[in-house]
Amino acid sequence: MSTDTSDTAADGSRAEEASRDGASDPDEVPSRAELAARVEELESALAEVSAAESGKKMSIVATKGTLDMAYPPLILASTAAAFGYDVTVFHTFWGLDILHEERSKNLKLSSVGNPNMPVPNVVGALPGMDRVTTSMMEKKIDSNDTATIEELIETSLEMGVEFQACQMTIDLMGYDEDDFYDGVTTGVGAATAIQDMADSDIQLLV
Amino acid sequence: MSVKFDIAETLDVKGASCPMPVVKTKGAIDDLSAGEVLEVLATDPGSMSDLDGWATGTDGVEMLEQIEGDDVYKHYVRKTE
């Protein structure tokens with residue numbers, strides 16, 4: 001302690017104060033540097049313990065409800081759960097339709113706005129074209145044995161993925177809590193999502 | 001090419017595509033005891049990279065061997081703990 005040159009002066013005056021206050025041996029009062037080092041040591045030990053306890057976490061925010069955009073959050077959520085991640089998917093705005101038991105079975109693919117679609121935008125904008133492109137996509141999904149949205153939701157729920165439905169959007173869209181798959185969490189908002197993201201190793205906005 | 005492990009269970013995910021081979025492998029591994037080996041039969045070419053990545057990134061499992069056959073990809077995963 002006395003060899004700690006940087007803090008010797010301060011240490012000395014604190015030691016005097018301490019002995020005036022009745023401390024028996026001034027040499028037993030730890031220096032500020034020693035205390036700081038000790039705090040740092042304890043903090044890093046605590047961080048290690050809490051990291052080991054909490055495990056790996058992933059947080060996804062799903063904002064889109066078209067057939068093509070419903071897949072990425074569900075595929076990533078179920079795969080991360082297979083890796084042992086604790087996964088939360090927060091569904092807001094059109095992403096809410098993915099959790100809506102009825103609407104999730106009728107998600108549509110937009111025939112406009114995507115230059116890779118086989119039809120030009122002017123044709124895609126004609127009435128009924130979304131239905132045509134959606135049914136083309138559904139046939140491909142079926143013939144390729146790609147999992148359906150419903151299968152991915154059921155599988156993810158079985159694996160312990162937590163699906164959250166944003167309360168503000170539920171009210172905005174006029175949905176009822178019973179409209180969602182069993183096991184979906186309602187009554188949550190942005191603060192819950194932020195808290196989750198702050199605790200996560202992976203955060204994604206889809 | 002020869003397989004030299006005792007296979008406790010075989011999981012057939014032929015026809016299934018991403019993410020199902022990984023997701024179902026995880027489920028099948030959960031049902032095994034430590035030390036047992038799971039054989040996974042898949043037709044998804046992505047299963048070679050995906051199952052290897054999953055085994056590397058997941059605690060308690062070890063990829064023993066992956067065999068690229070004519071039509072079927074075979075994977076041998078041991079549950080280590």
# chains A, B, ... in the order shown; residues from 1 in each chain; ligands from 1
>>> interface_residues(of="chain B", to="chain A", cutoff="12 Å", atoms="only C-alpha atoms", output="mmCIF file with N, CA, C and O atoms, in the first residue's frame")
data_model
loop_
_atom_site.group_PDB
_atom_site.id
_atom_site.type_symbol
_atom_site.label_atom_id
_atom_site.label_comp_id
_atom_site.auth_asym_id
_atom_site.auth_seq_id
_atom_site.Cartn_x
_atom_site.Cartn_y
_atom_site.Cartn_z
ATOM 1 N N VAL B 13 -35.238 -36.743 -43.075
ATOM 2 C CA VAL B 13 -35.789 -35.432 -43.463
ATOM 3 C C VAL B 13 -35.663 -35.242 -44.975
ATOM 4 O O VAL B 13 -35.500 -34.121 -45.461
ATOM 5 N N LYS B 14 -35.712 -36.366 -45.692
ATOM 6 C CA LYS B 14 -35.617 -36.284 -47.157
ATOM 7 C C LYS B 14 -36.815 -35.473 -47.682
ATOM 8 O O LYS B 14 -37.939 -35.698 -47.273
ATOM 9 N N GLY B 15 -36.551 -34.553 -48.572
ATOM 10 C CA GLY B 15 -37.603 -33.721 -49.140
ATOM 11 C C GLY B 15 -37.760 -32.386 -48.426
ATOM 12 O O GLY B 15 -38.144 -31.407 -49.030
ATOM 13 N N ALA B 16 -37.448 -32.357 -47.130
ATOM 14 C CA ALA B 16 -37.610 -31.115 -46.376
ATOM 15 C C ALA B 16 -36.505 -30.119 -46.722
ATOM 16 O O ALA B 16 -35.377 -30.513 -46.996
ATOM 17 N N SER B 17 -36.869 -28.841 -46.730
ATOM 18 C CA SER B 17 -35.851 -27.823 -46.994
ATOM 19 C C SER B 17 -35.729 -26.875 -45.807
ATOM 20 O O SER B 17 -36.509 -26.945 -44.868
ATOM 21 N N CYS B 18 -34.729 -26.018 -45.878
ATOM 22 C CA CYS B 18 -34.391 -25.062 -44.810
ATOM 23 C C CYS B 18 -35.649 -24.400 -44.257
ATOM 24 O O CYS B 18 -36.459 -23.943 -45.036
ATOM 25 N N PRO B 19 -35.831 -24.304 -42.944
ATOM 26 C CA PRO B 19 -34.892 -24.660 -41.874
ATOM 27 C C PRO B 19 -35.159 -26.038 -41.266
ATOM 28 O O PRO B 19 -34.580 -26.367 -40.235
ATOM 29 N N MET B 20 -36.045 -26.831 -41.892
ATOM 30 C CA MET B 20 -36.510 -28.049 -41.225
ATOM 31 C C MET B 20 -35.441 -29.103 -40.924
ATOM 32 O O MET B 20 -35.493 -29.717 -39.854
ATOM 33 N N PRO B 21 -34.460 -29.355 -41.820
ATOM 34 C CA PRO B 21 -33.445 -30.359 -41.435
ATOM 35 C C PRO B 21 -32.745 -30.021 -40.106
ATOM 36 O O PRO B 21 -32.593 -30.905 -39.240
ATOM 37 N N VAL B 22 -32.387 -28.754 -39.901
ATOM 38 C CA VAL B 22 -31.716 -28.352 -38.654
ATOM 39 C C VAL B 22 -32.688 -28.424 -37.476
ATOM 40 O O VAL B 22 -32.370 -28.979 -36.419
ATOM 41 N N VAL B 23 -33.891 -27.886 -37.678
ATOM 42 C CA VAL B 23 -34.881 -27.841 -36.606
ATOM 43 C C VAL B 23 -35.257 -29.253 -36.149
ATOM 44 O O VAL B 23 -35.335 -29.535 -34.944
ATOM 45 N N LYS B 24 -35.465 -30.153 -37.100
ATOM 46 C CA LYS B 24 -35.846 -31.522 -36.726
ATOM 47 C C LYS B 24 -34.664 -32.291 -36.131
ATOM 48 O O LYS B 24 -34.854 -33.155 -35.272
ATOM 49 N N THR B 25 -33.443 -31.992 -36.584
ATOM 50 C CA THR B 25 -32.264 -32.623 -35.998
ATOM 51 C C THR B 25 -32.140 -32.246 -34.528
ATOM 52 O O THR B 25 -31.875 -33.095 -33.674
ATOM 53 N N LYS B 26 -32.355 -30.974 -34.260
ATOM 54 C CA LYS B 26 -32.307 -30.496 -32.872
ATOM 55 C C LYS B 26 -33.320 -31.269 -32.010
ATOM 56 O O LYS B 26 -33.013 -31.726 -30.907
ATOM 57 N N GLY B 27 -34.541 -31.432 -32.539
ATOM 58 C CA GLY B 27 -35.582 -32.144 -31.807
ATOM 59 C C GLY B 27 -35.201 -33.594 -31.552
ATOM 60 O O GLY B 27 -35.411 -34.123 -30.458
ATOM 61 N N ALA B 28 -34.618 -34.241 -32.581
ATOM 62 C CA ALA B 28 -34.251 -35.654 -32.448
ATOM 63 C C ALA B 28 -33.088 -35.830 -31.471
ATOM 64 O O ALA B 28 -33.044 -36.798 -30.701
ATOM 65 N N ILE B 29 -32.143 -34.897 -31.484
ATOM 66 C CA ILE B 29 -30.994 -34.956 -30.575
ATOM 67 C C ILE B 29 -31.457 -34.824 -29.123
ATOM 68 O O ILE B 29 -30.946 -35.490 -28.224
ATOM 69 N N ASP B 30 -32.459 -33.974 -28.908
ATOM 70 C CA ASP B 30 -32.992 -33.778 -27.550
ATOM 71 C C ASP B 30 -33.517 -35.081 -26.958
ATOM 72 O O ASP B 30 -33.507 -35.258 -25.742
ATOM 73 N N THR B 43 -32.143 -34.578 -48.312
ATOM 74 C CA THR B 43 -31.921 -34.357 -49.744
ATOM 75 C C THR B 43 -31.593 -32.890 -50.026
ATOM 76 O O THR B 43 -31.243 -32.536 -51.136
ATOM 77 N N ASP B 44 -31.721 -32.048 -49.003
ATOM 78 C CA ASP B 44 -31.428 -30.618 -49.157
ATOM 79 C C ASP B 44 -29.906 -30.419 -49.227
ATOM 80 O O ASP B 44 -29.202 -30.705 -48.258
ATOM 81 N N ASP B 50 -25.403 -26.301 -43.422
ATOM 82 C CA ASP B 50 -26.247 -25.890 -42.289
ATOM 83 C C ASP B 50 -26.089 -26.787 -41.068
ATOM 84 O O ASP B 50 -25.985 -26.301 -39.938
ATOM 85 N N LEU B 51 -26.076 -28.108 -41.282
ATOM 86 C CA LEU B 51 -25.969 -28.994 -40.120
ATOM 87 C C LEU B 51 -24.577 -28.922 -39.500
ATOM 88 O O LEU B 51 -24.427 -29.031 -38.291
ATOM 89 N N ASP B 52 -23.566 -28.704 -40.348
ATOM 90 C CA ASP B 52 -22.205 -28.548 -39.819
ATOM 91 C C ASP B 52 -22.123 -27.277 -38.982
ATOM 92 O O ASP B 52 -21.567 -27.273 -37.885
ATOM 93 N N GLY B 53 -22.705 -26.186 -39.517
ATOM 94 C CA GLY B 53 -22.710 -24.910 -38.785
ATOM 95 C C GLY B 53 -23.483 -25.019 -37.481
ATOM 96 O O GLY B 53 -23.050 -24.500 -36.454
ATOM 97 N N TRP B 54 -24.597 -25.723 -37.548
ATOM 98 C CA TRP B 54 -25.413 -25.899 -36.335
ATOM 99 C C TRP B 54 -24.635 -26.678 -35.274
ATOM 100 O O TRP B 54 -24.607 -26.293 -34.104
ATOM 101 N N ALA B 55 -23.980 -27.761 -35.703
ATOM 102 C CA ALA B 55 -23.236 -28.591 -34.744
ATOM 103 C C ALA B 55 -22.076 -27.805 -34.140
ATOM 104 O O ALA B 55 -21.770 -27.943 -32.948
ATOM 105 N N THR B 56 -21.435 -26.954 -34.936
ATOM 106 C CA THR B 56 -20.316 -26.148 -34.441
ATOM 107 C C THR B 56 -20.804 -25.098 -33.443
ATOM 108 O O THR B 56 -20.143 -24.841 -32.437
ATOM 109 N N GLY B 57 -21.963 -24.507 -33.724
ATOM 110 C CA GLY B 57 -22.437 -23.403 -32.892
ATOM 111 C C GLY B 57 -23.301 -23.829 -31.719
ATOM 112 O O GLY B 57 -23.778 -22.979 -30.971
ATOM 113 N N THR B 58 -23.525 -25.115 -31.563
ATOM 114 C CA THR B 58 -24.421 -25.581 -30.518
ATOM 115 C C THR B 58 -23.666 -26.398 -29.481
ATOM 116 O O THR B 58 -22.865 -27.267 -29.831
ATOM 117 N N ASP B 59 -23.925 -26.095 -28.199
ATOM 118 C CA ASP B 59 -23.282 -26.851 -27.120
ATOM 119 C C ASP B 59 -23.876 -28.247 -27.039
ATOM 120 O O ASP B 59 -25.068 -28.435 -27.246
ATOM 121 N N GLY B 60 -23.031 -29.210 -26.737
ATOM 122 C CA GLY B 60 -23.542 -30.548 -26.440
ATOM 123 C C GLY B 60 -23.714 -31.453 -27.637
ATOM 124 O O GLY B 60 -24.241 -32.549 -27.502
ATOM 125 N N VAL B 61 -23.288 -31.006 -28.829
ATOM 126 C CA VAL B 61 -23.349 -31.881 -30.004
ATOM 127 C C VAL B 61 -22.036 -31.823 -30.786
ATOM 128 O O VAL B 61 -21.308 -30.838 -30.726
#
>>> select_by_dssp(residues="stretch 1-59 of chain B", states="helix (DSSP H, G or I)", output="compact mmCIF listing (two decimals) with all heavy atoms, in the first residue's frame")
# COMPACT_ATOMS: atom_id res chain seq x y z
N MET B 20 -36.04 -26.83 -41.89
CA MET B 20 -36.51 -28.05 -41.22
C MET B 20 -35.44 -29.10 -40.92
O MET B 20 -35.49 -29.72 -39.85
CB MET B 20 -37.68 -28.65 -42.00
CG MET B 20 -38.96 -27.85 -41.83
SD MET B 20 -39.28 -27.56 -40.07
CE MET B 20 -40.72 -26.54 -40.12
N PRO B 21 -34.46 -29.35 -41.82
CA PRO B 21 -33.44 -30.36 -41.44
C PRO B 21 -32.74 -30.02 -40.11
O PRO B 21 -32.59 -30.90 -39.24
CB PRO B 21 -32.46 -30.34 -42.61
CG PRO B 21 -33.31 -29.96 -43.78
CD PRO B 21 -34.29 -28.94 -43.23
N VAL B 22 -32.39 -28.75 -39.90
CA VAL B 22 -31.72 -28.35 -38.65
C VAL B 22 -32.69 -28.42 -37.48
O VAL B 22 -32.37 -28.98 -36.42
CB VAL B 22 -31.13 -26.92 -38.79
CG1 VAL B 22 -30.76 -26.37 -37.42
CG2 VAL B 22 -29.91 -26.93 -39.70
N VAL B 23 -33.89 -27.89 -37.68
CA VAL B 23 -34.88 -27.84 -36.61
C VAL B 23 -35.26 -29.25 -36.15
O VAL B 23 -35.34 -29.54 -34.94
CB VAL B 23 -36.12 -27.05 -37.10
CG1 VAL B 23 -37.31 -27.27 -36.18
CG2 VAL B 23 -35.80 -25.56 -37.20
N LYS B 24 -35.46 -30.15 -37.10
CA LYS B 24 -35.85 -31.52 -36.73
C LYS B 24 -34.66 -32.29 -36.13
O LYS B 24 -34.85 -33.15 -35.27
CB LYS B 24 -36.42 -32.25 -37.94
CG LYS B 24 -37.77 -31.66 -38.32
CD LYS B 24 -38.54 -32.52 -39.28
CE LYS B 24 -39.99 -32.02 -39.36
NZ LYS B 24 -40.65 -32.37 -40.60
N THR B 25 -33.44 -31.99 -36.58
CA THR B 25 -32.26 -32.62 -36.00
C THR B 25 -32.14 -32.25 -34.53
O THR B 25 -31.88 -33.10 -33.67
CB THR B 25 -30.99 -32.21 -36.77
OG1 THR B 25 -31.11 -32.66 -38.12
CG2 THR B 25 -29.74 -32.82 -36.14
N LYS B 26 -32.36 -30.97 -34.26
CA LYS B 26 -32.31 -30.50 -32.87
C LYS B 26 -33.32 -31.27 -32.01
O LYS B 26 -33.01 -31.73 -30.91
CB LYS B 26 -32.59 -29.00 -32.85
CG LYS B 26 -33.15 -28.44 -31.57
CD LYS B 26 -32.11 -28.35 -30.48
CE LYS B 26 -32.70 -27.68 -29.23
NZ LYS B 26 -31.86 -27.90 -28.06
N GLY B 27 -34.54 -31.43 -32.54
CA GLY B 27 -35.58 -32.14 -31.81
C GLY B 27 -35.20 -33.59 -31.55
O GLY B 27 -35.41 -34.12 -30.46
N ALA B 28 -34.62 -34.24 -32.58
CA ALA B 28 -34.25 -35.65 -32.45
C ALA B 28 -33.09 -35.83 -31.47
O ALA B 28 -33.04 -36.80 -30.70
CB ALA B 28 -33.89 -36.23 -33.81
N ILE B 29 -32.14 -34.90 -31.48
CA ILE B 29 -30.99 -34.96 -30.57
C ILE B 29 -31.46 -34.82 -29.12
O ILE B 29 -30.95 -35.49 -28.22
CB ILE B 29 -29.96 -33.85 -30.94
CG1 ILE B 29 -29.04 -34.30 -32.07
CG2 ILE B 29 -29.16 -33.40 -29.74
CD1 ILE B 29 -27.96 -35.32 -31.69
N ASP B 30 -32.46 -33.97 -28.91
CA ASP B 30 -32.99 -33.78 -27.55
C ASP B 30 -33.52 -35.08 -26.96
O ASP B 30 -33.51 -35.26 -25.74
CB ASP B 30 -34.11 -32.73 -27.56
CG ASP B 30 -33.57 -31.31 -27.69
OD1 ASP B 30 -32.34 -31.13 -27.55
OD2 ASP B 30 -34.37 -30.38 -27.93
N SER B 47 -28.10 -28.77 -46.46
CA SER B 47 -27.94 -29.43 -45.15
C SER B 47 -26.47 -29.70 -44.83
O SER B 47 -26.11 -29.78 -43.66
CB SER B 47 -28.74 -30.74 -45.11
OG SER B 47 -28.20 -31.69 -46.01
N MET B 48 -25.63 -29.83 -45.88
CA MET B 48 -24.20 -30.08 -45.62
C MET B 48 -23.60 -28.92 -44.81
O MET B 48 -22.95 -29.13 -43.78
CB MET B 48 -23.43 -30.25 -46.94
CG MET B 48 -23.77 -31.50 -47.71
SD MET B 48 -23.40 -33.03 -46.81
CE MET B 48 -21.65 -33.23 -47.13
N SER B 49 -23.82 -27.70 -45.28
CA SER B 49 -23.27 -26.54 -44.59
C SER B 49 -24.07 -26.22 -43.32
O SER B 49 -23.49 -25.93 -42.27
CB SER B 49 -23.29 -25.34 -45.54
OG SER B 49 -22.96 -24.17 -44.85
N ASP B 50 -25.40 -26.30 -43.42
CA ASP B 50 -26.25 -25.89 -42.29
C ASP B 50 -26.09 -26.79 -41.07
O ASP B 50 -25.98 -26.30 -39.94
CB ASP B 50 -27.72 -25.87 -42.71
CG ASP B 50 -28.06 -24.58 -43.47
OD1 ASP B 50 -27.15 -23.77 -43.69
OD2 ASP B 50 -29.24 -24.40 -43.82
N LEU B 51 -26.08 -28.11 -41.28
CA LEU B 51 -25.97 -28.99 -40.12
C LEU B 51 -24.58 -28.92 -39.50
O LEU B 51 -24.43 -29.03 -38.29
CB LEU B 51 -26.32 -30.43 -40.51
CG LEU B 51 -27.84 -30.71 -40.53
CD1 LEU B 51 -28.14 -32.07 -41.12
CD2 LEU B 51 -28.42 -30.61 -39.12
N ASP B 52 -23.57 -28.70 -40.35
CA ASP B 52 -22.21 -28.55 -39.82
C ASP B 52 -22.12 -27.28 -38.98
O ASP B 52 -21.57 -27.27 -37.88
CB ASP B 52 -21.21 -28.51 -40.98
CG ASP B 52 -19.77 -28.55 -40.49
OD1 ASP B 52 -19.50 -29.32 -39.54
OD2 ASP B 52 -18.93 -27.81 -41.03
N GLY B 53 -22.70 -26.19 -39.52
CA GLY B 53 -22.71 -24.91 -38.78
C GLY B 53 -23.48 -25.02 -37.48
O GLY B 53 -23.05 -24.50 -36.45
N TRP B 54 -24.60 -25.72 -37.55
CA TRP B 54 -25.41 -25.90 -36.34
C TRP B 54 -24.63 -26.68 -35.27
O TRP B 54 -24.61 -26.29 -34.10
CB TRP B 54 -26.71 -26.64 -36.69
CG TRP B 54 -27.48 -27.09 -35.48
CD1 TRP B 54 -28.25 -26.30 -34.67
CD2 TRP B 54 -27.50 -28.41 -34.92
NE1 TRP B 54 -28.77 -27.06 -33.65
CE2 TRP B 54 -28.33 -28.35 -33.77
CE3 TRP B 54 -26.93 -29.61 -35.29
CZ2 TRP B 54 -28.57 -29.47 -32.98
CZ3 TRP B 54 -27.17 -30.73 -34.51
CH2 TRP B 54 -27.98 -30.65 -33.36
N ALA B 55 -23.98 -27.76 -35.70
CA ALA B 55 -23.24 -28.59 -34.74
C ALA B 55 -22.08 -27.81 -34.14
O ALA B 55 -21.77 -27.94 -32.95
CB ALA B 55 -22.73 -29.85 -35.43
N THR B 56 -21.43 -26.95 -34.94
CA THR B 56 -20.32 -26.15 -34.44
C THR B 56 -20.80 -25.10 -33.44
O THR B 56 -20.14 -24.84 -32.44
CB THR B 56 -19.61 -25.44 -35.62
OG1 THR B 56 -19.23 -26.43 -36.58
CG2 THR B 56 -18.36 -24.70 -35.16
N GLY B 57 -21.96 -24.51 -33.72
CA GLY B 57 -22.44 -23.40 -32.89
C GLY B 57 -23.30 -23.83 -31.72
O GLY B 57 -23.78 -22.98 -30.97
>>> residues_around(residues="A:Lys105", least_positions_apart="2", cutoff="8 Å", atoms="only C-alpha atoms", output="number ranges by chain")
A: 101-103, 107, 149-150
>>> write_last_selection(atoms="N, CA and C atoms", output="PDB file, in the first residue's frame")
ATOM      1  N   GLU A 101     -54.169 -15.908 -36.638  1.00  0.00           N
ATOM      2  CA  GLU A 101     -54.401 -17.291 -37.047  1.00  0.00           C
ATOM      3  C   GLU A 101     -55.066 -17.383 -38.424  1.00  0.00           C
ATOM      4  N   GLU A 102     -56.034 -16.536 -38.689  1.00  0.00           N
ATOM      5  CA  GLU A 102     -56.758 -16.606 -39.956  1.00  0.00           C
ATOM      6  C   GLU A 102     -55.969 -15.922 -41.076  1.00  0.00           C
ATOM      7  N   ARG A 103     -55.505 -14.708 -40.810  1.00  0.00           N
ATOM      8  CA  ARG A 103     -54.828 -13.925 -41.852  1.00  0.00           C
ATOM      9  C   ARG A 103     -53.488 -14.547 -42.256  1.00  0.00           C
ATOM     10  N   LEU A 107     -51.650 -14.907 -46.464  1.00  0.00           N
ATOM     11  CA  LEU A 107     -50.714 -13.818 -46.727  1.00  0.00           C
ATOM     12  C   LEU A 107     -50.491 -13.724 -48.236  1.00  0.00           C
ATOM     13  N   ILE A 149     -46.123 -21.135 -43.570  1.00  0.00           N
ATOM     14  CA  ILE A 149     -46.027 -20.167 -42.468  1.00  0.00           C
ATOM     15  C   ILE A 149     -46.594 -20.789 -41.181  1.00  0.00           C
ATOM     16  N   GLU A 150     -47.742 -21.466 -41.320  1.00  0.00           N
ATOM     17  CA  GLU A 150     -48.378 -22.084 -40.154  1.00  0.00           C
ATOM     18  C   GLU A 150     -47.452 -23.126 -39.509  1.00  0.00           C
TER      19      GLU A 150
END
>>> select_by_dssp(residues="stretch 6-54 of chain B", states="strand (DSSP E or B)", output="PyMOL selection string")
chain B and resi 7-13+37-42
>>> write_last_selection(atoms="N, CA and C atoms", output="mmCIF file, in the first residue's frame")
data_model
loop_
_atom_site.group_PDB
_atom_site.id
_atom_site.type_symbol
_atom_site.label_atom_id
_atom_site.label_comp_id
_atom_site.auth_asym_id
_atom_site.auth_seq_id
_atom_site.Cartn_x
_atom_site.Cartn_y
_atom_site.Cartn_z
ATOM 1 N N ILE B 7 -25.375 -46.458 -34.451
ATOM 2 C CA ILE B 7 -26.406 -45.447 -34.660
ATOM 3 C C ILE B 7 -27.597 -45.740 -33.753
ATOM 4 N N ALA B 8 -27.900 -44.763 -32.896
ATOM 5 C CA ALA B 8 -29.002 -44.964 -31.944
ATOM 6 C C ALA B 8 -30.345 -44.704 -32.614
ATOM 7 N N GLU B 9 -30.365 -43.742 -33.534
ATOM 8 C CA GLU B 9 -31.630 -43.315 -34.137
ATOM 9 C C GLU B 9 -31.349 -42.753 -35.529
ATOM 10 N N THR B 10 -32.300 -42.958 -36.439
ATOM 11 C CA THR B 10 -32.173 -42.355 -37.771
ATOM 12 C C THR B 10 -33.319 -41.384 -37.991
ATOM 13 N N LEU B 11 -32.961 -40.181 -38.430
ATOM 14 C CA LEU B 11 -33.972 -39.161 -38.724
ATOM 15 C C LEU B 11 -34.029 -38.972 -40.235
ATOM 16 N N ASP B 12 -35.217 -39.162 -40.790
ATOM 17 C CA ASP B 12 -35.384 -39.016 -42.228
ATOM 18 C C ASP B 12 -36.027 -37.670 -42.536
ATOM 19 N N VAL B 13 -35.238 -36.743 -43.075
ATOM 20 C CA VAL B 13 -35.789 -35.432 -43.463
ATOM 21 C C VAL B 13 -35.663 -35.242 -44.975
ATOM 22 N N VAL B 37 -25.482 -41.586 -31.049
ATOM 23 C CA VAL B 37 -25.268 -40.982 -32.367
ATOM 24 C C VAL B 37 -26.571 -40.987 -33.168
ATOM 25 N N LEU B 38 -26.853 -39.834 -33.775
ATOM 26 C CA LEU B 38 -28.038 -39.684 -34.623
ATOM 27 C C LEU B 38 -27.598 -39.662 -36.088
ATOM 28 N N GLU B 39 -28.292 -40.455 -36.897
ATOM 29 C CA GLU B 39 -28.049 -40.418 -38.344
ATOM 30 C C GLU B 39 -29.152 -39.565 -38.967
ATOM 31 N N VAL B 40 -28.765 -38.591 -39.791
ATOM 32 C CA VAL B 40 -29.744 -37.730 -40.449
ATOM 33 C C VAL B 40 -29.647 -37.938 -41.954
ATOM 34 N N LEU B 41 -30.772 -38.272 -42.582
ATOM 35 C CA LEU B 41 -30.815 -38.457 -44.025
ATOM 36 C C LEU B 41 -31.563 -37.282 -44.642
ATOM 37 N N ALA B 42 -30.889 -36.530 -45.523
ATOM 38 C CA ALA B 42 -31.507 -35.342 -46.113
ATOM 39 C C ALA B 42 -31.261 -35.292 -47.614
#
>>> atom_distance(atom1="atom CA of A:Leu204", atom2="atom CA of A:Ser59")
6.4 Å
>>> residues_around(residues="stretch 61-73 of chain A", least_positions_apart="4", cutoff="6 Å", atoms="only C-alpha atoms", output="JSON, numbers by chain")
{"A": [77, 89, 90, 91, 92, 93, 94, 95, 97, 107, 108, 109, 205, 206]}
>>> atom_distance(atom1="atom CA of A:Asp171", atom2="atom CA of A:Asp199")
27.4 Å
>>> atom_distance(atom1="atom CA of A:Leu99", atom2="atom CA of A:Ala165")
7.5 Å
>>> residues_around(residues="A:Ala125", least_positions_apart="5", cutoff="9 Å", atoms="only C-alpha atoms", output="ChimeraX atom specification")
/A:111-112,120,130
>>> residues_around(residues="A:Val184", least_positions_apart="3", cutoff="8 Å", atoms="only C-alpha atoms", output="list in words")
Leu99, Glu162, Phe163, Gln164, Ala165, Phe180 and Tyr181 of chain A
>>> residues_around(residues="A:Gln203", least_positions_apart="3", cutoff="7 Å", atoms="only C-alpha atoms", output="compact mmCIF listing (two decimals) with N, CA and C atoms, in the first residue's frame")
# COMPACT_ATOMS: atom_id res chain seq x y z
N MET A 58 -31.63 -13.93 -28.86
CA MET A 58 -31.85 -13.24 -30.13
C MET A 58 -33.19 -12.53 -30.08
N SER A 59 -33.20 -11.32 -30.61
CA SER A 59 -34.42 -10.53 -30.63
C SER A 59 -34.68 -10.05 -32.06
N ILE A 60 -35.89 -10.38 -32.58
CA ILE A 60 -36.24 -9.99 -33.94
C ILE A 60 -37.47 -9.09 -33.88
N MET A 197 -34.02 -6.28 -26.73
CA MET A 197 -32.88 -6.05 -27.64
C MET A 197 -31.61 -5.75 -26.85
N SER A 200 -29.95 -8.84 -25.77
CA SER A 200 -29.72 -9.87 -26.78
C SER A 200 -28.34 -9.81 -27.41
>>> decode(residues="stretch 140-151 of chain A", atoms="N, CA, C and O atoms", output="compact mmCIF listing (two decimals), in the first residue's frame")
# COMPACT_ATOMS: atom_id res chain seq x y z
N LYS A 140 -45.18 -23.03 -55.80
CA LYS A 140 -43.73 -23.29 -55.69
C LYS A 140 -43.37 -23.78 -54.30
O LYS A 140 -42.57 -24.70 -54.14
N ILE A 141 -43.95 -23.15 -53.29
CA ILE A 141 -43.69 -23.54 -51.89
C ILE A 141 -44.09 -25.00 -51.68
O ILE A 141 -43.36 -25.78 -51.09
N ASP A 142 -45.25 -25.35 -52.26
CA ASP A 142 -45.76 -26.71 -52.11
C ASP A 142 -44.88 -27.72 -52.84
O ASP A 142 -44.49 -28.74 -52.28
N SER A 143 -44.52 -27.42 -54.09
CA SER A 143 -43.76 -28.40 -54.88
C SER A 143 -42.33 -28.53 -54.36
O SER A 143 -41.68 -29.56 -54.55
N ASN A 144 -41.83 -27.49 -53.69
CA ASN A 144 -40.46 -27.53 -53.18
C ASN A 144 -40.41 -28.10 -51.76
O ASN A 144 -39.33 -28.21 -51.17
N ASP A 145 -41.58 -28.46 -51.20
CA ASP A 145 -41.64 -28.94 -49.82
C ASP A 145 -41.12 -27.92 -48.82
O ASP A 145 -40.58 -28.29 -47.77
N THR A 146 -41.26 -26.66 -49.16
CA THR A 146 -40.89 -25.61 -48.21
C THR A 146 -41.99 -25.56 -47.14
O THR A 146 -43.17 -25.71 -47.45
N ALA A 147 -41.57 -25.36 -45.89
CA ALA A 147 -42.55 -25.32 -44.80
C ALA A 147 -43.52 -24.17 -45.02
O ALA A 147 -43.14 -23.13 -45.55
N THR A 148 -44.78 -24.36 -44.60
CA THR A 148 -45.74 -23.26 -44.68
C THR A 148 -45.53 -22.33 -43.48
O THR A 148 -44.88 -22.70 -42.50
N ILE A 149 -46.12 -21.14 -43.57
CA ILE A 149 -46.03 -20.17 -42.47
C ILE A 149 -46.59 -20.79 -41.18
O ILE A 149 -45.99 -20.67 -40.11
N GLU A 150 -47.74 -21.47 -41.32
CA GLU A 150 -48.38 -22.08 -40.15
C GLU A 150 -47.45 -23.13 -39.51
O GLU A 150 -47.30 -23.16 -38.29
N GLU A 151 -46.82 -23.96 -40.36
CA GLU A 151 -45.91 -24.98 -39.82
C GLU A 151 -44.74 -24.33 -39.07
O GLU A 151 -44.32 -24.81 -38.01
